[in-house]
>>> print(open('model-v6.txt').read())   # compact mmCIF, C-alpha atoms and all ligand atoms
# COMPACT_ATOMS: atom_id res chain seq x y z
CA MET A 1 43.60 68.30 -93.48
CA LYS A 2 46.12 66.59 -91.23
CA THR A 3 43.69 66.56 -88.30
CA ARG A 4 40.89 65.18 -90.53
CA ILE A 5 43.15 62.31 -91.63
CA ALA A 6 44.08 61.60 -88.00
CA GLU A 7 40.38 61.49 -87.02
CA TYR A 8 39.54 59.14 -89.87
CA LEU A 9 42.43 56.89 -88.88
CA LYS A 10 41.18 56.72 -85.31
CA ASP A 11 37.71 55.85 -86.56
CA VAL A 12 39.09 53.13 -88.87
CA GLU A 13 41.21 51.54 -86.14
CA SER A 14 38.38 51.35 -83.64
CA PHE A 15 35.76 50.16 -86.15
CA LYS A 16 34.03 46.80 -85.45
CA ALA A 17 31.42 45.04 -87.59
CA SER A 18 29.10 42.27 -86.47
CA THR A 19 27.51 41.70 -89.89
CA LEU A 20 28.71 41.79 -93.48
CA GLU A 21 26.21 44.61 -94.14
CA GLN A 22 27.90 46.87 -91.58
CA LEU A 23 31.24 46.12 -93.19
CA GLU A 24 29.89 47.05 -96.63
CA GLU A 25 28.66 50.40 -95.26
CA PHE A 26 32.15 51.02 -93.91
CA ARG A 27 33.68 50.24 -97.29
CA ILE A 28 31.30 52.64 -99.07
CA LYS A 29 31.95 55.36 -96.49
CA TYR A 30 35.72 55.33 -97.10
CA ILE A 31 36.67 53.95 -100.47
CA SER A 32 33.68 54.09 -102.83
CA LYS A 33 33.91 56.70 -105.59
CA LYS A 34 32.24 59.35 -103.45
CA GLY A 35 33.85 58.12 -100.24
CA LEU A 36 36.06 60.00 -97.82
CA ILE A 37 39.38 58.82 -99.22
CA PRO A 38 38.68 59.83 -102.85
CA GLY A 39 37.49 63.11 -101.28
CA LEU A 40 40.88 63.52 -99.59
CA PHE A 41 42.67 62.85 -102.88
CA GLY A 42 40.47 65.55 -104.45
CA ASP A 43 41.48 68.09 -101.79
CA PHE A 44 45.11 67.05 -102.24
CA ARG A 45 45.27 69.12 -105.38
CA ASN A 46 45.07 72.29 -103.25
CA VAL A 47 47.82 71.30 -100.82
CA ASP A 48 50.98 73.42 -100.82
CA ALA A 49 53.87 71.87 -102.69
CA ALA A 50 55.95 71.76 -99.48
CA ASP A 51 53.37 69.62 -97.65
CA ARG A 52 52.42 67.35 -100.54
CA LYS A 53 54.85 64.55 -99.79
CA GLU A 54 53.83 64.22 -96.15
CA MET A 55 50.10 64.57 -96.92
CA GLY A 56 50.32 62.00 -99.74
CA GLN A 57 51.93 59.51 -97.38
CA LEU A 58 49.29 60.10 -94.69
CA ILE A 59 46.38 59.56 -97.13
CA ASN A 60 47.97 56.39 -98.53
CA HIS A 61 48.55 55.11 -95.01
CA LEU A 62 44.88 55.71 -94.21
CA LYS A 63 43.80 53.94 -97.39
CA THR A 64 45.91 50.86 -96.55
CA ALA A 65 44.48 50.82 -93.01
CA VAL A 66 40.92 50.81 -94.43
CA GLN A 67 41.71 48.00 -96.88
CA GLU A 68 43.40 45.86 -94.22
CA LYS A 69 40.50 46.42 -91.85
CA ILE A 70 38.00 45.28 -94.48
CA VAL A 71 39.97 42.09 -95.27
CA SER A 72 40.43 41.07 -91.63
CA LEU A 73 36.81 41.77 -90.60
CA LYS A 74 35.49 39.93 -93.65
CA ASP A 75 37.58 36.85 -92.83
CA ALA A 76 36.39 36.86 -89.23
CA LEU A 77 32.72 37.27 -90.16
CA GLU A 78 32.82 34.54 -92.78
CA ALA A 79 34.51 32.12 -90.41
CA ASP A 80 31.69 32.61 -87.92
CA THR A 81 29.24 30.47 -89.86
CA SER A 82 27.20 29.64 -86.76
CA THR A 83 25.40 32.95 -86.89
CA GLN A 84 25.73 33.87 -90.57
CA GLU A 85 24.89 30.75 -92.49
CA SER A 86 22.69 28.60 -90.27
CA GLY A 87 20.45 31.53 -89.45
CA MET A 88 20.52 30.30 -85.87
CA ASP A 89 19.75 32.86 -83.20
CA LEU A 90 22.12 32.09 -80.38
CA THR A 91 20.43 34.56 -78.08
CA LEU A 92 17.14 32.62 -77.97
CA PRO A 93 16.37 30.92 -74.62
CA ALA A 94 16.91 27.12 -74.53
CA MET A 95 13.97 24.95 -75.59
CA PRO A 96 12.66 22.94 -72.65
CA THR A 97 13.22 19.26 -73.52
CA LEU A 98 11.92 16.53 -71.24
CA GLY A 99 14.32 13.73 -70.35
CA SER A 100 13.13 10.16 -70.61
CA ARG A 101 13.47 7.47 -68.01
CA HIS A 102 16.04 4.75 -68.62
CA PRO A 103 14.37 1.55 -69.88
CA LEU A 104 15.82 -0.42 -66.96
CA SER A 105 14.20 2.02 -64.51
CA ILE A 106 10.88 1.79 -66.34
CA VAL A 107 10.87 -2.00 -66.08
CA ARG A 108 12.17 -2.08 -62.50
CA ASN A 109 9.38 0.32 -61.49
CA GLU A 110 6.85 -1.80 -63.29
CA ILE A 111 8.04 -4.95 -61.50
CA ILE A 112 7.76 -3.11 -58.16
CA ASP A 113 4.30 -1.91 -59.11
CA ILE A 114 3.06 -5.38 -60.07
CA PHE A 115 4.24 -6.98 -56.84
CA SER A 116 3.13 -4.15 -54.60
CA ARG A 117 -0.42 -4.68 -55.88
CA ILE A 118 -0.38 -8.11 -54.18
CA GLY A 119 1.14 -6.94 -50.92
CA PHE A 120 4.91 -7.13 -51.46
CA SER A 121 7.05 -4.46 -49.83
CA VAL A 122 10.39 -3.22 -51.22
CA SER A 123 13.64 -3.85 -49.35
CA GLU A 124 17.21 -3.03 -50.18
CA GLY A 125 20.63 -4.13 -49.02
CA PRO A 126 24.29 -3.17 -49.50
CA GLU A 127 26.16 -3.74 -52.75
CA ILE A 128 29.31 -4.68 -50.81
CA GLU A 129 28.56 -7.88 -48.93
CA ASP A 130 30.25 -10.34 -46.62
CA ASP A 131 30.51 -14.03 -47.34
CA PHE A 132 27.72 -14.87 -44.90
CA HIS A 133 25.01 -12.87 -46.63
CA ASN A 134 26.05 -13.56 -50.21
CA PHE A 135 26.90 -17.26 -49.81
CA SER A 136 26.99 -19.06 -46.45
CA ALA A 137 23.52 -18.19 -45.17
CA LEU A 138 22.16 -19.12 -48.58
CA ASN A 139 23.40 -22.67 -48.11
CA PHE A 140 26.53 -22.43 -50.24
CA PRO A 141 28.94 -24.61 -48.17
CA PRO A 142 32.61 -23.46 -48.09
CA ASP A 143 34.46 -24.64 -51.20
CA HIS A 144 31.23 -25.90 -52.72
CA PRO A 145 31.43 -25.81 -56.53
CA ALA A 146 28.13 -23.90 -56.60
CA ARG A 147 30.14 -20.80 -55.59
CA ASP A 148 31.79 -21.01 -59.00
CA MET A 149 28.43 -20.51 -60.67
CA GLN A 150 28.89 -16.82 -59.99
CA ASP A 151 32.27 -15.26 -60.76
CA THR A 152 32.80 -13.04 -57.78
CA PHE A 153 34.64 -9.71 -57.52
CA PHE A 154 36.37 -9.98 -54.15
CA ILE A 155 37.37 -6.84 -52.29
CA GLU A 156 39.05 -8.65 -49.38
CA LYS A 157 39.92 -12.26 -48.62
CA ASN A 158 39.68 -13.91 -45.15
CA PRO A 159 37.21 -12.82 -44.08
CA ASP A 160 35.75 -12.48 -47.55
CA ILE A 161 34.19 -9.19 -48.59
CA ALA A 162 32.85 -8.97 -52.13
CA LEU A 163 30.54 -7.12 -54.47
CA ARG A 164 27.27 -9.00 -54.19
CA THR A 165 26.75 -11.46 -57.01
CA HIS A 166 22.97 -11.54 -56.61
CA THR A 167 20.20 -9.78 -54.70
CA SER A 168 19.44 -13.04 -52.83
CA SER A 169 21.74 -11.55 -50.17
CA VAL A 170 18.93 -9.11 -49.31
CA GLN A 171 16.64 -12.09 -48.46
CA VAL A 172 19.05 -12.99 -45.70
CA ARG A 173 19.11 -9.45 -44.32
CA VAL A 174 15.32 -9.20 -44.33
CA MET A 175 14.87 -12.56 -42.58
CA GLU A 176 17.52 -11.70 -39.98
CA ASN A 177 15.68 -8.52 -39.09
CA SER A 178 12.03 -9.54 -39.19
CA GLN A 179 9.72 -12.44 -38.44
CA PRO A 180 7.12 -13.94 -40.84
CA PRO A 181 4.84 -13.17 -42.50
CA ILE A 182 7.42 -11.71 -44.91
CA ARG A 183 6.48 -10.61 -48.41
CA THR A 184 9.14 -8.51 -50.05
CA ILE A 185 10.97 -7.79 -53.28
CA SER A 186 14.51 -6.47 -53.46
CA PRO A 187 15.64 -4.64 -56.58
CA GLY A 188 19.31 -3.78 -56.96
CA ARG A 189 22.60 -3.83 -58.80
CA VAL A 190 24.74 -6.97 -58.83
CA PHE A 191 28.28 -7.65 -60.04
CA ARG A 192 29.97 -10.60 -61.69
CA ASN A 193 33.37 -11.01 -63.23
CA GLU A 194 32.10 -11.81 -66.70
CA ALA A 195 33.27 -10.81 -70.15
CA ILE A 196 31.01 -8.13 -71.60
CA SER A 197 28.95 -9.26 -74.58
CA ALA A 198 25.51 -8.82 -76.12
CA ARG A 199 24.13 -11.21 -73.48
CA ALA A 200 26.26 -10.54 -70.38
CA HIS A 201 27.73 -7.65 -68.43
CA CYS A 202 29.80 -7.38 -65.28
CA ILE A 203 27.21 -5.02 -63.73
CA PHE A 204 23.52 -5.77 -64.05
CA HIS A 205 20.26 -5.55 -62.14
CA GLN A 206 18.08 -8.11 -60.43
CA VAL A 207 14.85 -8.20 -58.49
CA GLU A 208 14.66 -10.80 -55.76
CA GLY A 209 11.35 -11.94 -54.29
CA LEU A 210 10.67 -13.62 -50.96
CA TYR A 211 7.48 -14.86 -49.35
CA ILE A 212 7.59 -16.61 -45.94
CA ASP A 213 4.55 -17.60 -43.93
CA THR A 214 2.82 -20.68 -42.54
CA ASP A 215 1.65 -23.13 -45.23
CA VAL A 216 3.23 -21.45 -48.24
CA SER A 217 3.34 -24.01 -51.05
CA PHE A 218 4.71 -24.37 -54.57
CA ALA A 219 1.17 -23.65 -55.82
CA ASP A 220 1.43 -20.17 -54.26
CA LEU A 221 4.74 -19.68 -56.03
CA LYS A 222 3.24 -20.68 -59.35
CA GLN A 223 0.18 -18.46 -59.02
CA THR A 224 2.23 -15.45 -57.95
CA LEU A 225 4.63 -15.77 -60.87
CA PHE A 226 1.83 -16.53 -63.33
CA TYR A 227 0.13 -13.30 -62.24
CA PHE A 228 3.43 -11.44 -62.68
CA ALA A 229 4.03 -12.84 -66.18
CA LYS A 230 0.56 -11.86 -67.36
CA GLU A 231 0.83 -8.33 -65.92
CA MET A 232 4.26 -7.80 -67.41
CA PHE A 233 3.96 -9.48 -70.80
CA GLY A 234 0.23 -9.58 -71.51
CA GLU A 235 -2.88 -11.54 -70.61
CA ASP A 236 -2.19 -14.38 -73.08
CA THR A 237 1.25 -15.19 -71.66
CA LYS A 238 1.75 -18.81 -70.64
CA ILE A 239 4.36 -20.07 -68.18
CA ARG A 240 6.18 -23.35 -67.64
CA PHE A 241 8.58 -24.57 -64.98
CA ARG A 242 11.71 -26.64 -65.56
CA PRO A 243 13.48 -28.38 -62.67
CA SER A 244 16.76 -26.68 -61.76
CA TYR A 245 19.26 -26.32 -58.94
CA PHE A 246 20.03 -23.44 -56.59
CA PRO A 247 21.65 -24.06 -53.20
CA PHE A 248 19.10 -21.85 -51.41
CA THR A 249 15.89 -23.42 -52.73
CA GLU A 250 14.58 -26.97 -52.72
CA PRO A 251 12.95 -27.85 -55.01
CA SER A 252 14.27 -25.29 -57.49
CA ALA A 253 12.96 -24.36 -60.90
CA GLU A 254 13.51 -22.05 -63.80
CA MET A 255 10.47 -20.39 -65.24
CA ASP A 256 9.92 -19.79 -68.95
CA ILE A 257 7.27 -17.60 -70.53
CA SER A 258 5.71 -18.23 -73.91
CA CYS A 259 7.73 -16.20 -76.42
CA ASN A 260 6.13 -12.77 -76.57
CA ILE A 261 7.64 -12.08 -79.99
CA CYS A 262 6.17 -14.97 -81.95
CA GLY A 263 3.42 -15.92 -79.52
CA GLY A 264 4.92 -19.40 -79.09
CA LYS A 265 5.10 -20.34 -82.78
CA GLY A 266 8.91 -20.23 -82.86
CA CYS A 267 11.33 -17.47 -83.87
CA ASN A 268 15.02 -16.65 -83.50
CA ILE A 269 14.48 -14.93 -80.13
CA CYS A 270 13.13 -18.14 -78.57
CA LYS A 271 15.45 -20.25 -80.76
CA TYR A 272 12.36 -21.86 -82.30
CA THR A 273 11.23 -23.39 -79.01
CA GLY A 274 8.33 -21.00 -78.37
CA TRP A 275 9.63 -20.37 -74.81
CA VAL A 276 12.08 -17.92 -73.21
CA GLU A 277 13.69 -18.21 -69.79
CA ILE A 278 12.77 -15.42 -67.42
CA LEU A 279 13.67 -16.27 -63.83
CA GLY A 280 14.90 -18.75 -61.21
CA CYS A 281 12.78 -19.74 -58.23
CA GLY A 282 11.99 -22.38 -55.65
CA MET A 283 10.91 -23.19 -52.12
CA VAL A 284 13.30 -21.65 -49.58
CA ASP A 285 15.62 -24.38 -48.28
CA PRO A 286 15.01 -25.04 -44.53
CA ASN A 287 18.77 -24.55 -43.97
CA VAL A 288 18.40 -20.95 -45.17
CA LEU A 289 15.48 -20.31 -42.80
CA GLU A 290 17.50 -21.73 -39.88
CA SER A 291 20.59 -19.63 -40.77
CA CYS A 292 18.38 -16.57 -40.45
CA ASN A 293 16.71 -17.65 -37.17
CA ILE A 294 13.36 -18.55 -38.67
CA ASP A 295 11.71 -21.74 -37.42
CA SER A 296 11.68 -24.07 -40.44
CA GLU A 297 9.22 -26.43 -38.70
CA LYS A 298 6.67 -23.67 -38.50
CA TYR A 299 7.29 -21.64 -41.66
CA THR A 300 7.78 -22.32 -45.33
CA GLY A 301 8.33 -19.92 -48.18
CA PHE A 302 9.26 -19.34 -51.77
CA ALA A 303 11.82 -17.13 -53.44
CA PHE A 304 12.55 -16.04 -56.95
CA GLY A 305 15.12 -13.90 -58.72
CA MET A 306 14.95 -12.26 -62.12
CA GLY A 307 17.28 -10.16 -64.24
CA VAL A 308 15.98 -6.69 -65.03
CA GLU A 309 18.07 -6.46 -68.24
CA ARG A 310 16.70 -9.74 -69.53
CA THR A 311 13.11 -8.80 -68.71
CA THR A 312 13.58 -5.40 -70.42
CA MET A 313 15.12 -7.01 -73.52
CA LEU A 314 12.13 -9.32 -73.85
CA LYS A 315 9.61 -6.60 -73.20
CA TYR A 316 11.06 -4.11 -75.69
CA GLN A 317 12.71 -6.55 -78.11
CA ILE A 318 16.22 -5.27 -77.48
CA ASN A 319 18.90 -7.60 -78.78
CA ASP A 320 22.08 -6.26 -77.19
CA LEU A 321 22.49 -5.76 -73.47
CA ARG A 322 25.37 -3.30 -73.94
CA LEU A 323 22.90 -0.70 -75.23
CA PHE A 324 21.71 -0.19 -71.64
CA PHE A 325 25.10 1.11 -70.56
CA GLU A 326 26.18 3.19 -73.55
CA ASN A 327 23.79 6.10 -72.90
CA ASP A 328 23.32 6.75 -76.60
CA LEU A 329 20.51 9.31 -76.77
CA ARG A 330 19.12 7.78 -79.98
CA PHE A 331 18.44 4.61 -77.97
CA LEU A 332 17.26 6.26 -74.75
CA GLN A 333 14.88 8.72 -76.42
CA GLN A 334 12.74 5.86 -77.67
CA PHE A 335 11.43 5.31 -74.16
CA ASP A 336 8.46 7.23 -72.87
CA ALA A 337 9.21 9.74 -70.11
CA SER A 338 5.81 9.40 -68.52
CA HIS A 339 6.54 6.20 -66.55
N1 LIG B 401 20.17 -15.67 -57.18
C1 LIG B 401 19.96 -16.39 -58.43
C2 LIG B 401 20.93 -15.90 -59.48
O1 LIG B 401 21.43 -14.83 -59.36
C3 LIG B 401 18.54 -16.19 -58.91
C4 LIG B 401 17.57 -16.88 -58.04
C5 LIG B 401 17.23 -18.18 -58.32
C6 LIG B 401 17.02 -16.28 -56.93
C7 LIG B 401 16.31 -18.86 -57.53
C8 LIG B 401 16.12 -16.95 -56.13
C9 LIG B 401 15.77 -18.25 -56.44
O2 LIG B 401 15.55 -16.41 -55.06
O3 LIG B 401 14.88 -18.89 -55.65
O4 LIG B 401 21.18 -16.59 -60.42
>>> encode(input="model-v6.txt", output="structure tokens", more="lines below")
Ligand code: DAH
Amino acid sequence: MKTRIAEYLKDVESFKASTLEQLEEFRIKYISKKGLIPGLFGDFRNVDAADRKEMGQLINHLKTAVQEKIVSLKDALEADTSTQESGMDLTLPAMPTLGSRHPLSIVRNEIIDIFSRIGFSVSEGPEIEDDFHNFSALNFPPDHPARDMQDTFFIEKNPDIALRTHTSSVQVRVMENSQPPIRTISPGRVFRNEAISARAHCIFHQVEGLYIDTDVSFADLKQTLFYFAKEMFGEDTKIRFRPSYFPFTEPSAEMDISCNICGGKGCNICKYTGWVEILGCGMVDPNVLESCNIDSEKYTGFAFGMGVERTTMLKYQINDLRLFFENDLRFLQQFDASH
């Protein structure tokens, strides 16, 4: 009898259950009416009087071990709700889910696509720029107040090294390294020391455009941007130009498109004007051409620069620019992965 009890005890101590059903079987095996422990108590009647005390203690010890085992395994199994209650099979292979492209990438790619159809190439430049490429070559004189238009993150002073404040710096690099005809767009990240809000961020994206050749006129600029607006926002889109100022273009303009939300009737997106601002542009100032070793007597050109965030907000009716940087899946999953 002693060896039987020892075997049972070994079995009880090493027992493990991965489901409540297995645990119930264990309980029935040992302590149900016809279980092993009541069986031991039955046999106890035949034990010699001298051994009774020891045998009684051994059986009781075994019984306690079984009861403790049941309580602890039950607690552990019930705590593991992931497999028990949700019915989830954790051994299944992962479902293949397709990622979606970020809305800013979708729109940047679309801008590139639209301009490449009319012969524009893509060029890129560094995000860390010197003063010459970000300001001086673009006709910002030293200490000119126009430099304050863009709150710059400086990395070093004298000579100045900064995070570029616009992708116009890439214009300069392209012109330095090639001769007209030049037809290029430059997408990229830009940086400005601005407070973050629904309408502004310290990091954002622009696409710069540049076209230099003989006899390029403002009419070419208008037609090119009119084509762009219709491709991007729909065939019925209208454009208008308002006079503006940029040091690197003369004359300069800002272009508006007819509000694509209300169709020009007036709504809170266009502040009831029927128009929304979309980009800055103008004829490249001869000083800029000369800074980049291009003969301003022979060549003329136009340039434009647009914000990718702004264009995306208009296209998808997004009202807070911060959404682009939060990476909230509920926002990102709304954009089609096929672009
Ligand atoms: N660089 C300007 C900005 O960041 C945008 C711009 C305006 C670019 C007019 C141009 C231009 O090329 O002609 O605000």
>>> atom_distance(input="model-v6.txt", atom1="atom CA of A:Cys259", atom2="atom CA of A:Gln206")
20.7 Å
>>> closest_atom_pairs(input="model-v6.txt", of="chain A", to="ligand LIG 401 (chain B)", cutoff="7 Å", atoms="all atoms listed in the file", output="JSON lines")
{"residue": "A:Thr165", "atom": "CA", "partner": "B:LIG401", "partner_atom": "O1", "distance": 6.7}
{"residue": "A:His166", "atom": "CA", "partner": "B:LIG401", "partner_atom": "O1", "distance": 4.6}
{"residue": "A:Thr167", "atom": "CA", "partner": "B:LIG401", "partner_atom": "N1", "distance": 6.4}
{"residue": "A:Ser168", "atom": "CA", "partner": "B:LIG401", "partner_atom": "N1", "distance": 5.1}
{"residue": "A:Glu208", "atom": "CA", "partner": "B:LIG401", "partner_atom": "O2", "distance": 5.7}
{"residue": "A:Gly209", "atom": "CA", "partner": "B:LIG401", "partner_atom": "O2", "distance": 6.2}
{"residue": "A:Leu210", "atom": "CA", "partner": "B:LIG401", "partner_atom": "O2", "distance": 7.0}
{"residue": "A:Phe246", "atom": "CA", "partner": "B:LIG401", "partner_atom": "C7", "distance": 6.0}
{"residue": "A:Phe248", "atom": "CA", "partner": "B:LIG401", "partner_atom": "O3", "distance": 6.7}
{"residue": "A:Thr249", "atom": "CA", "partner": "B:LIG401", "partner_atom": "O3", "distance": 5.5}
{"residue": "A:Ser252", "atom": "CA", "partner": "B:LIG401", "partner_atom": "O3", "distance": 6.7}
{"residue": "A:Leu279", "atom": "CA", "partner": "B:LIG401", "partner_atom": "C5", "distance": 6.8}
{"residue": "A:Gly280", "atom": "CA", "partner": "B:LIG401", "partner_atom": "C5", "distance": 3.8}
{"residue": "A:Cys281", "atom": "CA", "partner": "B:LIG401", "partner_atom": "O3", "distance": 3.4}
{"residue": "A:Gly282", "atom": "CA", "partner": "B:LIG401", "partner_atom": "O3", "distance": 4.5}
{"residue": "A:Met283", "atom": "CA", "partner": "B:LIG401", "partner_atom": "O3", "distance": 6.8}
{"residue": "A:Val284", "atom": "CA", "partner": "B:LIG401", "partner_atom": "O3", "distance": 6.9}
{"residue": "A:Phe302", "atom": "CA", "partner": "B:LIG401", "partner_atom": "O3", "distance": 6.8}
{"residue": "A:Ala303", "atom": "CA", "partner": "B:LIG401", "partner_atom": "O2", "distance": 4.1}
{"residue": "A:Phe304", "atom": "CA", "partner": "B:LIG401", "partner_atom": "O2", "distance": 3.6}
{"residue": "A:Gly305", "atom": "CA", "partner": "B:LIG401", "partner_atom": "C6", "distance": 3.5}
{"residue": "A:Met306", "atom": "CA", "partner": "B:LIG401", "partner_atom": "C3", "distance": 6.2}
>>> residues_near_point(input="model-v6.txt", point="(40.8, 46.9, -97.7)", cutoff="12 Å", atoms="all atoms listed in the file", output="PyMOL selection string")
chain A and resi 12+23-24+26-28+30-32+60-75
>>> closest_residue(input="model-v6.txt", among="A:Asn327, A:Phe228, A:Ile5, A:Asn268", to="A:Glu54", atoms="only C-alpha atoms")
A:Ile5
>>> closest_residue(input="model-v6.txt", among="A:Val172, A:Ala137, A:Ile212, A:Ala50", to="A:Phe120", atoms="only C-alpha atoms")
A:Ile212
>>> residues_around(input="model-v6.txt", residues="A:Glu129", least_positions_apart="4", cutoff="6 Å", atoms="all atoms listed in the file", output="count of residues only")
4
>>> atom_distance(input="model-v6.txt", atom1="atom CA of A:Arg189", atom2="atom CA of A:Phe204")
5.7 Å
>>> residues_around(input="model-v6.txt", residues="A:Ser121", least_positions_apart="4", cutoff="8 Å", atoms="all atoms listed in the file", output="list in words")
Phe115, Ser116, Arg183, Thr184 and Ile185 of chain A
>>> atom_distance(input="model-v6.txt", atom1="atom CA of A:Glu110", atom2="atom CA of A:His133")
27.0 Å
>>> residues_around(input="model-v6.txt", residues="A:Leu323", least_positions_apart="6", cutoff="10 Å", atoms="all atoms listed in the file", output="PDB file with C-alpha atoms, in the coordinates of the input")
ATOM      1  CA  ALA A 198      25.510  -8.820 -76.120  1.00  0.00           C
ATOM      2  CA  PHE A 331      18.440   4.610 -77.970  1.00  0.00           C
ATOM      3  CA  LEU A 332      17.260   6.260 -74.750  1.00  0.00           C
TER       4      LEU A 332
END
>>> residues_around(input="model-v6.txt", residues="A:Glu176", least_positions_apart="5", cutoff="10 Å", atoms="only C-alpha atoms", output="VMD selection string")
chain A and resid 170 to 171 289 291 to 294
>>> closest_residue(input="model-v6.txt", among="A:Leu104, A:Ile239, A:Val174, A:Leu36", to="A:Val308", atoms="all atoms listed in the file")
A:Leu104
>>> closest_residue(input="model-v6.txt", among="A:Thr91, A:Glu309, A:Asn139, A:Met255", to="A:Pro243", atoms="all atoms listed in the file")
A:Met255
>>> residues_around(input="model-v6.txt", residues="stretch 263-265 of chain A", least_positions_apart="3", cutoff="10 Å", atoms="all atoms listed in the file", output="list in words")
Asp236, Thr237, Lys238, Ile257, Ser258, Cys259, Asn260, Cys270, Tyr272, Thr273, Gly274, Trp275 and Val276 of chain A
>>> build_atoms(input="model-v6.txt", residues="stretch 196-202 of chain A", atoms="all heavy atoms", output="mmCIF file, in the coordinates of the input")
data_model
loop_
_atom_site.group_PDB
_atom_site.id
_atom_site.type_symbol
_atom_site.label_atom_id
_atom_site.label_comp_id
_atom_site.auth_asym_id
_atom_site.auth_seq_id
_atom_site.Cartn_x
_atom_site.Cartn_y
_atom_site.Cartn_z
ATOM 1 N N ILE A 196 32.166 -8.881 -71.111
ATOM 2 C CA ILE A 196 31.010 -8.130 -71.600
ATOM 3 C C ILE A 196 30.672 -8.566 -73.034
ATOM 4 O O ILE A 196 31.549 -8.654 -73.879
ATOM 5 C CB ILE A 196 31.305 -6.617 -71.534
ATOM 6 C CG1 ILE A 196 31.477 -6.211 -70.057
ATOM 7 C CG2 ILE A 196 30.192 -5.805 -72.189
ATOM 8 C CD1 ILE A 196 32.020 -4.822 -69.854
ATOM 9 N N SER A 197 29.397 -8.865 -73.244
ATOM 10 C CA SER A 197 28.950 -9.260 -74.580
ATOM 11 C C SER A 197 27.514 -8.802 -74.769
ATOM 12 O O SER A 197 26.963 -8.117 -73.908
ATOM 13 C CB SER A 197 29.024 -10.790 -74.729
ATOM 14 O OG SER A 197 27.992 -11.376 -73.954
ATOM 15 N N ALA A 198 26.894 -9.204 -75.874
ATOM 16 C CA ALA A 198 25.510 -8.820 -76.120
ATOM 17 C C ALA A 198 24.572 -9.423 -75.066
ATOM 18 O O ALA A 198 23.478 -8.921 -74.829
ATOM 19 C CB ALA A 198 25.080 -9.266 -77.509
ATOM 20 N N ARG A 199 25.012 -10.514 -74.420
ATOM 21 C CA ARG A 199 24.130 -11.210 -73.480
ATOM 22 C C ARG A 199 24.584 -11.122 -72.018
ATOM 23 O O ARG A 199 23.880 -11.572 -71.125
ATOM 24 C CB ARG A 199 24.024 -12.697 -73.872
ATOM 25 C CG ARG A 199 23.793 -12.906 -75.358
ATOM 26 C CD ARG A 199 23.479 -14.341 -75.710
ATOM 27 N NE ARG A 199 22.056 -14.571 -75.633
ATOM 28 C CZ ARG A 199 21.479 -15.513 -74.892
ATOM 29 N NH1 ARG A 199 22.212 -16.311 -74.156
ATOM 30 N NH2 ARG A 199 20.177 -15.654 -74.885
ATOM 31 N N ALA A 200 25.766 -10.576 -71.764
ATOM 32 C CA ALA A 200 26.260 -10.540 -70.380
ATOM 33 C C ALA A 200 27.010 -9.249 -70.110
ATOM 34 O O ALA A 200 27.585 -8.639 -71.013
ATOM 35 C CB ALA A 200 27.194 -11.730 -70.148
ATOM 36 N N HIS A 201 26.992 -8.839 -68.842
ATOM 37 C CA HIS A 201 27.730 -7.650 -68.430
ATOM 38 C C HIS A 201 28.250 -7.887 -67.026
ATOM 39 O O HIS A 201 27.708 -8.728 -66.306
ATOM 40 C CB HIS A 201 26.802 -6.418 -68.457
ATOM 41 C CG HIS A 201 27.544 -5.135 -68.713
ATOM 42 N ND1 HIS A 201 28.321 -4.532 -67.753
ATOM 43 C CD2 HIS A 201 27.632 -4.353 -69.811
ATOM 44 C CE1 HIS A 201 28.859 -3.428 -68.255
ATOM 45 N NE2 HIS A 201 28.459 -3.295 -69.510
ATOM 46 N N CYS A 202 29.275 -7.142 -66.629
ATOM 47 C CA CYS A 202 29.800 -7.380 -65.280
ATOM 48 C C CYS A 202 28.971 -6.634 -64.227
ATOM 49 O O CYS A 202 29.081 -6.919 -63.038
ATOM 50 C CB CYS A 202 31.270 -6.994 -65.204
ATOM 51 S SG CYS A 202 31.587 -5.316 -65.717
#
